[in-house]
>>> print(open('data.txt').read())   # compact mmCIF, C-alpha atoms
# COMPACT_ATOMS: atom_id res chain seq x y z
CA MET O 1 -18.35 0.83 17.76
CA PRO O 2 -17.78 -2.44 15.91
CA PHE O 3 -15.95 -2.35 12.60
CA THR O 4 -17.22 -4.17 9.54
CA GLN O 5 -14.41 -3.77 6.99
CA LEU O 6 -10.64 -4.29 7.04
CA ILE O 7 -8.51 -2.39 4.50
CA PHE O 8 -4.84 -3.29 4.10
CA ASP O 9 -1.92 -1.66 2.38
CA LEU O 10 0.16 -4.16 0.40
CA ASP O 11 3.91 -3.57 0.19
CA ASN O 12 5.88 -3.48 3.44
CA THR O 13 2.63 -4.15 5.31
CA LEU O 14 1.57 -7.70 4.45
CA TYR O 15 5.24 -8.70 4.40
CA PRO O 16 8.32 -7.05 6.01
CA ALA O 17 10.33 -4.41 4.20
CA SER O 18 13.40 -6.60 4.65
CA ARG O 19 12.13 -8.85 1.84
CA GLY O 20 13.38 -6.20 -0.59
CA VAL O 21 10.38 -5.99 -2.93
CA VAL O 22 10.09 -2.21 -2.74
CA ASP O 23 13.86 -1.86 -3.18
CA ARG O 24 13.65 -3.72 -6.49
CA VAL O 25 10.69 -1.64 -7.60
CA ASP O 26 12.58 1.53 -6.72
CA ASP O 27 15.49 0.33 -8.86
CA ARG O 28 13.09 -0.22 -11.75
CA ILE O 29 11.67 3.28 -11.25
CA ASN O 30 15.15 4.77 -11.42
CA ARG O 31 15.83 2.86 -14.66
CA TYR O 32 12.53 4.02 -16.13
CA MET O 33 13.31 7.64 -15.31
CA ILE O 34 16.75 7.37 -16.88
CA GLU O 35 15.93 5.24 -19.94
CA ARG O 36 12.38 6.35 -20.79
CA VAL O 37 12.12 9.88 -19.42
CA GLY O 38 15.71 10.99 -20.06
CA ILE O 39 16.59 12.07 -16.53
CA ALA O 40 20.29 12.13 -15.68
CA PRO O 41 21.44 9.01 -13.80
CA ASP O 42 22.64 10.94 -10.75
CA ALA O 43 19.36 12.85 -10.55
CA ALA O 44 16.92 9.94 -10.84
CA ALA O 45 16.93 8.60 -7.27
CA PRO O 46 16.67 12.02 -5.56
CA LEU O 47 13.90 13.09 -7.93
CA ARG O 48 12.04 9.80 -7.38
CA ALA O 49 12.10 10.38 -3.63
CA ARG O 50 11.10 14.03 -4.02
CA TYR O 51 8.11 13.18 -6.19
CA ARG O 52 7.01 10.45 -3.79
CA ASP O 53 7.18 12.82 -0.82
CA ALA O 54 5.38 15.61 -2.66
CA TYR O 55 2.70 13.65 -4.52
CA GLY O 56 2.35 10.28 -2.79
CA THR O 57 3.95 8.34 -5.65
CA THR O 58 6.73 8.93 -8.15
CA LEU O 59 4.16 8.24 -10.84
CA SER O 60 2.11 11.28 -9.87
CA GLY O 61 5.15 13.51 -10.23
CA LEU O 62 6.09 11.99 -13.58
CA MET O 63 2.55 12.38 -14.89
CA ARG O 64 2.40 15.97 -13.71
CA HIS O 65 5.82 17.10 -14.92
CA HIS O 66 6.74 14.67 -17.73
CA ALA O 67 3.38 13.53 -19.21
CA ILE O 68 4.22 9.83 -19.08
CA ASP O 69 1.77 7.00 -19.81
CA PRO O 70 0.82 5.59 -16.38
CA ASP O 71 0.05 2.08 -17.64
CA ASP O 72 3.38 1.82 -19.43
CA TYR O 73 5.10 2.98 -16.25
CA LEU O 74 3.28 0.56 -13.96
CA THR O 75 4.01 -2.36 -16.25
CA ALA O 76 7.70 -1.48 -16.47
CA ILE O 77 8.39 -0.89 -12.79
CA HIS O 78 6.64 -4.04 -11.58
CA GLU O 79 8.55 -6.41 -13.86
CA ILE O 80 10.37 -7.95 -10.91
CA ALA O 81 10.65 -11.58 -9.83
CA VAL O 82 8.44 -11.35 -6.76
CA GLU O 83 8.58 -15.12 -6.32
CA GLU O 84 12.32 -14.83 -5.57
CA LEU O 85 11.55 -12.58 -2.60
CA LEU O 86 8.26 -13.83 -1.15
CA ALA O 87 6.98 -17.26 -0.12
CA PRO O 88 3.67 -18.58 1.18
CA ASP O 89 3.07 -17.36 4.73
CA ALA O 90 0.93 -19.98 6.45
CA ALA O 91 0.90 -18.10 9.74
CA LEU O 92 -0.43 -14.97 8.04
CA GLY O 93 -3.10 -16.96 6.28
CA ALA O 94 -4.15 -18.56 9.55
CA MET O 95 -4.36 -15.17 11.26
CA LEU O 96 -6.47 -13.70 8.46
CA THR O 97 -8.81 -16.66 8.72
CA THR O 98 -9.63 -15.68 12.30
CA LEU O 99 -10.82 -12.22 11.16
CA ALA O 100 -14.45 -12.46 10.07
CA GLN O 101 -14.70 -9.02 8.44
CA PRO O 102 -14.40 -8.60 4.65
CA LYS O 103 -10.89 -7.64 3.64
CA ALA O 104 -9.63 -5.38 0.86
CA VAL O 105 -6.19 -4.33 -0.35
CA PHE O 106 -5.60 -0.66 -1.15
CA THR O 107 -2.21 -0.17 -2.79
CA ASN O 108 -0.27 2.51 -4.62
CA GLY O 109 0.98 -0.26 -6.90
CA SER O 110 -0.61 -1.85 -9.92
CA ALA O 111 -3.34 -4.47 -9.91
CA GLY O 112 -1.01 -7.02 -11.49
CA HIS O 113 1.63 -6.42 -8.82
CA ALA O 114 -0.94 -6.83 -6.06
CA GLU O 115 -2.17 -10.10 -7.54
CA ARG O 116 1.37 -11.48 -7.75
CA VAL O 117 2.30 -10.45 -4.21
CA LEU O 118 -0.87 -11.90 -2.68
CA SER O 119 -0.45 -15.12 -4.65
CA CYS O 120 3.19 -15.50 -3.61
CA LEU O 121 2.18 -15.04 0.03
CA GLY O 122 -0.57 -17.62 -0.42
CA ILE O 123 -3.29 -15.26 0.84
CA ARG O 124 -5.12 -14.12 -2.31
CA THR O 125 -8.36 -15.87 -1.35
CA HIS O 126 -8.65 -13.82 1.84
CA PHE O 127 -9.22 -10.55 -0.04
CA ALA O 128 -12.55 -9.78 -1.66
CA ARG O 129 -11.38 -6.58 -3.37
CA ILE O 130 -8.13 -5.07 -4.64
CA PHE O 131 -7.96 -1.32 -5.12
CA SER O 132 -4.86 -0.43 -7.14
CA LEU O 133 -3.75 2.83 -8.73
CA GLU O 134 -5.67 1.98 -11.88
CA SER O 135 -8.93 1.66 -9.92
CA VAL O 136 -8.61 5.11 -8.31
CA ALA O 137 -7.72 6.98 -11.54
CA TYR O 138 -4.00 6.99 -10.59
CA VAL O 139 -4.66 9.26 -7.60
CA PRO O 140 -2.55 7.72 -4.83
CA LYS O 141 -2.69 7.50 -1.10
CA PRO O 142 -2.51 9.70 0.92
CA GLU O 143 -4.87 11.83 -1.19
CA ARG O 144 -8.29 12.05 0.44
CA ILE O 145 -10.17 11.51 -2.82
CA ALA O 146 -8.44 8.14 -3.31
CA PHE O 147 -9.70 6.97 0.09
CA GLU O 148 -13.17 8.34 -0.62
CA THR O 149 -13.27 6.40 -3.89
CA VAL O 150 -12.42 3.17 -2.08
CA LEU O 151 -15.02 3.79 0.63
CA ALA O 152 -17.69 4.52 -1.97
CA ARG O 153 -16.95 1.31 -3.86
CA LEU O 154 -17.03 -0.69 -0.66
CA GLY O 155 -20.29 0.96 0.35
CA ALA O 156 -18.72 1.73 3.73
CA ALA O 157 -18.33 4.75 5.96
CA GLY O 158 -14.98 5.57 7.49
CA ARG O 159 -16.24 4.70 10.96
CA ASP O 160 -16.95 1.15 9.73
CA CYS O 161 -13.34 0.48 8.73
CA VAL O 162 -9.95 -0.38 10.15
CA PHE O 163 -7.07 0.68 7.92
CA VAL O 164 -3.64 -1.00 8.20
CA ASP O 165 -0.54 0.58 6.62
CA ASP O 166 3.16 1.17 7.24
CA ARG O 167 3.12 4.85 6.22
CA PRO O 168 1.97 7.50 8.71
CA ASP O 169 0.83 9.92 6.00
CA ASN O 170 -1.62 7.35 4.67
CA LEU O 171 -2.86 6.60 8.17
CA ALA O 172 -3.42 10.31 8.84
CA THR O 173 -5.83 10.58 5.89
CA ALA O 174 -7.66 7.41 6.91
CA ARG O 175 -8.06 8.70 10.44
CA ALA O 176 -9.38 12.05 9.18
CA LEU O 177 -12.12 10.08 7.40
CA GLY O 178 -13.11 8.36 10.63
CA MET O 179 -11.27 5.06 10.20
CA ARG O 180 -9.48 3.35 13.02
CA THR O 181 -5.83 3.06 12.08
CA VAL O 182 -3.11 0.50 12.66
CA LEU O 183 0.55 1.22 11.97
CA VAL O 184 2.75 -1.69 10.98
CA GLY O 185 5.94 -0.52 12.63
CA GLU O 186 7.08 1.06 15.85
CA ARG O 187 4.63 3.64 17.20
CA SER O 188 7.48 6.15 17.41
CA SER O 189 7.84 6.00 13.62
CA ALA O 190 4.42 7.65 13.29
CA GLY O 191 5.85 10.90 14.66
CA ASP O 192 3.01 13.25 15.55
CA VAL O 193 0.42 11.26 13.56
CA PRO O 194 -2.01 9.67 16.02
CA VAL O 195 -2.84 6.00 15.44
CA ASP O 196 -5.18 3.63 17.23
CA GLY O 197 -2.58 0.91 17.44
CA ALA O 198 0.88 -0.13 16.31
CA ILE O 199 2.21 -3.63 15.65
CA ALA O 200 5.72 -4.79 14.86
CA SER O 201 4.41 -7.39 12.40
CA ILE O 202 1.19 -7.98 10.51
CA HIS O 203 1.02 -11.32 12.33
CA ASP O 204 0.13 -9.39 15.49
CA LEU O 205 -2.98 -7.80 14.00
CA ALA O 206 -5.64 -10.15 15.37
CA SER O 207 -4.52 -9.67 18.96
CA LEU O 208 -4.61 -5.91 18.54
CA LEU O 209 -8.05 -5.89 16.90
CA ALA O 210 -9.43 -7.94 19.78
CA ARG O 211 -8.82 -4.89 21.99
CA PHE O 212 -10.66 -2.46 19.66
>>> encode(input="data.txt", output="structure tokens")
Amino acid sequence: MPFTQLIFDLDNTLYPASRGVVDRVDDRINRYMIERVGIAPDAAAPLRARYRDAYGTTLSGLMRHHAIDPDDYLTAIHEIAVEELLAPDAALGAMLTTLAQPKAVFTNGSAGHAERVLSCLGIRTHFARIFSLESVAYVPKPERIAFETVLARLGAAGRDCVFVDDRPDNLATARALGMRTVLVGERSSAGDVPVDGAIASIHDLASLLARF
């Protein structure tokens, strides 16, 4: 069946992980946990990773176990100089132009962070909607209800959508809702999570979608 909506993850999907954006955010998360929450310095990084694995984001774990203010957290961790790490990607913009379907971003980051990343890449105008943590009541991917909220606001059924992400757990939820799924990364990195396609780079998306 034809698809009528494209939904993209943001970080490490629309640009490669090697750009280091997520690494800087992770450093800011560690500092927040140490300076604002009072977690011991040697415990912050392991706890950050544990919360992310258990709840989808570190924020969810901190809200659940430490009652932090999510907006304060999101503001603090995204105070990074994205423009030092990302530059306009003309090839990506050209590829997106060839895709006629409406496009949305669905990120576990903040709305402000998404706006800055898309602007730095020079592709903001290609996306009609941005769904950030604030817009899904801080419930992150891979939670099913977060995906259902996005689908409802798009007025789309899962079968109408292609979802593109670098994390297999997110792709598994999307697939369970009927979406076709594209992994940005080696197919082997998906483990036992089935995907409809895998691409080494987001630049390869159009050629893959032409086979759907």
>>> residues_around(input="data.txt", residues="Ile123 in chain O", least_positions_apart="2", cutoff="12 Å", atoms="only C-alpha atoms", output="number ranges by chain")
O: 10, 14-15, 86-97, 103-105, 114-121, 125-128
>>> atom_distance(input="data.txt", atom1="CA of Ala44 in chain O", atom2="CA of Val193 in chain O")
29.5 Å
>>> closest_residue(input="data.txt", among="O:Ile29, O:Leu74, O:Val182, O:Val82", to="Ser132 in chain O", atoms="all atoms listed in the file")
O:Leu74
>>> closest_residue(input="data.txt", among="O:Arg144, O:Arg24, O:Arg64, O:Arg124", to="Leu85 in chain O", atoms="all atoms listed in the file")
O:Arg24
>>> residues_near_point(input="data.txt", point="(4.6, 10.7, -20.2)", cutoff="12 Å", atoms="all atoms listed in the file", output="JSON list (two decimals) with C-alpha atoms, in the frame of the given file")
[["chain", "number", "residue", "atom", "x", "y", "z"],
["O", 32, "TYR", "CA", 12.53, 4.02, -16.13],
["O", 33, "MET", "CA", 13.31, 7.64, -15.31],
["O", 36, "ARG", "CA", 12.38, 6.35, -20.79],
["O", 37, "VAL", "CA", 12.12, 9.88, -19.42],
["O", 38, "GLY", "CA", 15.71, 10.99, -20.06],
["O", 59, "LEU", "CA", 4.16, 8.24, -10.84],
["O", 60, "SER", "CA", 2.11, 11.28, -9.87],
["O", 61, "GLY", "CA", 5.15, 13.51, -10.23],
["O", 62, "LEU", "CA", 6.09, 11.99, -13.58],
["O", 63, "MET", "CA", 2.55, 12.38, -14.89],
["O", 64, "ARG", "CA", 2.40, 15.97, -13.71],
["O", 65, "HIS", "CA", 5.82, 17.10, -14.92],
["O", 66, "HIS", "CA", 6.74, 14.67, -17.73],
["O", 67, "ALA", "CA", 3.38, 13.53, -19.21],
["O", 68, "ILE", "CA", 4.22, 9.83, -19.08],
["O", 69, "ASP", "CA", 1.77, 7.00, -19.81],
["O", 70, "PRO", "CA", 0.82, 5.59, -16.38],
["O", 71, "ASP", "CA", 0.05, 2.08, -17.64],
["O", 72, "ASP", "CA", 3.38, 1.82, -19.43],
["O", 73, "TYR", "CA", 5.10, 2.98, -16.25],
["O", 74, "LEU", "CA", 3.28, 0.56, -13.96]]
